[in-house]
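For reference, the structure is listed below as structure tokens.
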Amino acid sequence: MTQEMQDLIDALKEAQGQILGRSRALRLLVEGSEAARRQKARALLESGAVKWVRADEPDSITALVQGTQAYPVSITLKGGGRAIVKCDCYDHGRAGTCKHVLAVVGACVLGYSRDWKKLKTAVAALEGR
């Protein structure tokens, strides 16, 4: 195996680890929320209320969710499965994570799961498995 091929495999494995770390932080946000909020977030996600999601940096997600008005949402992923979340809605922070943040998490997890499958396939192909 050439050094170039090994470097590519190493880079893919590193990206794989980053995706898993992000997934853990996002999963903890969802698991710590009430079932009713998760259901409302799912309804928002399925209705197309998550208007756009951007991840300009690996650990920063910004989004716009259309509820009774447009709510900007930001999620900053920290080490150890922690996340700092912000939403301008009245409900955010009063009793846990709001449905707008959870809807954005849902959109991100769906996107990351697709990326994860592609990445896993690429690593396996390069390693000849």
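Each chain in the structure tokens gets a letter, A, B, ..., in the order shown, and its residues are numbered from 1; ligands are numbered from 1 in order too.
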
(message) So that I can check the surroundings of segment 75-83 of chain A, please list as a ChimeraX atom specification every protein, DNA and RNA residue that reaches within 10 Å of it, counting only C-alpha atoms and ignoring chain neighbours fewer than 4 positions away.
(response) /A:20-29,55,57-63,87,101,104-105

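What separates atom CA of Lys40 of chain A from atom CA of Val109 of chain A is a distance of 16.6 Å.
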
(request) Mind giving me the straight-line distance from atom CA of Ala36 of chain A to atom CA of Val53 of chain A in Å, one decimal? (result) 23.2 Å

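Take atom CA of Glu34 of chain A and atom CA of Trp52 of chain A: the distance between them is 24.4 Å.
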
(request) Determine, counting only C-alpha atoms, which protein, DNA and RNA residues have an atom within 10 Å of an atom of Gln66 of chain A; residues of the same chain fewer than 2 positions away are not included. Present the result as a PyMOL selection string. (result) chain A and resi 44+47-52+64+68-72+100
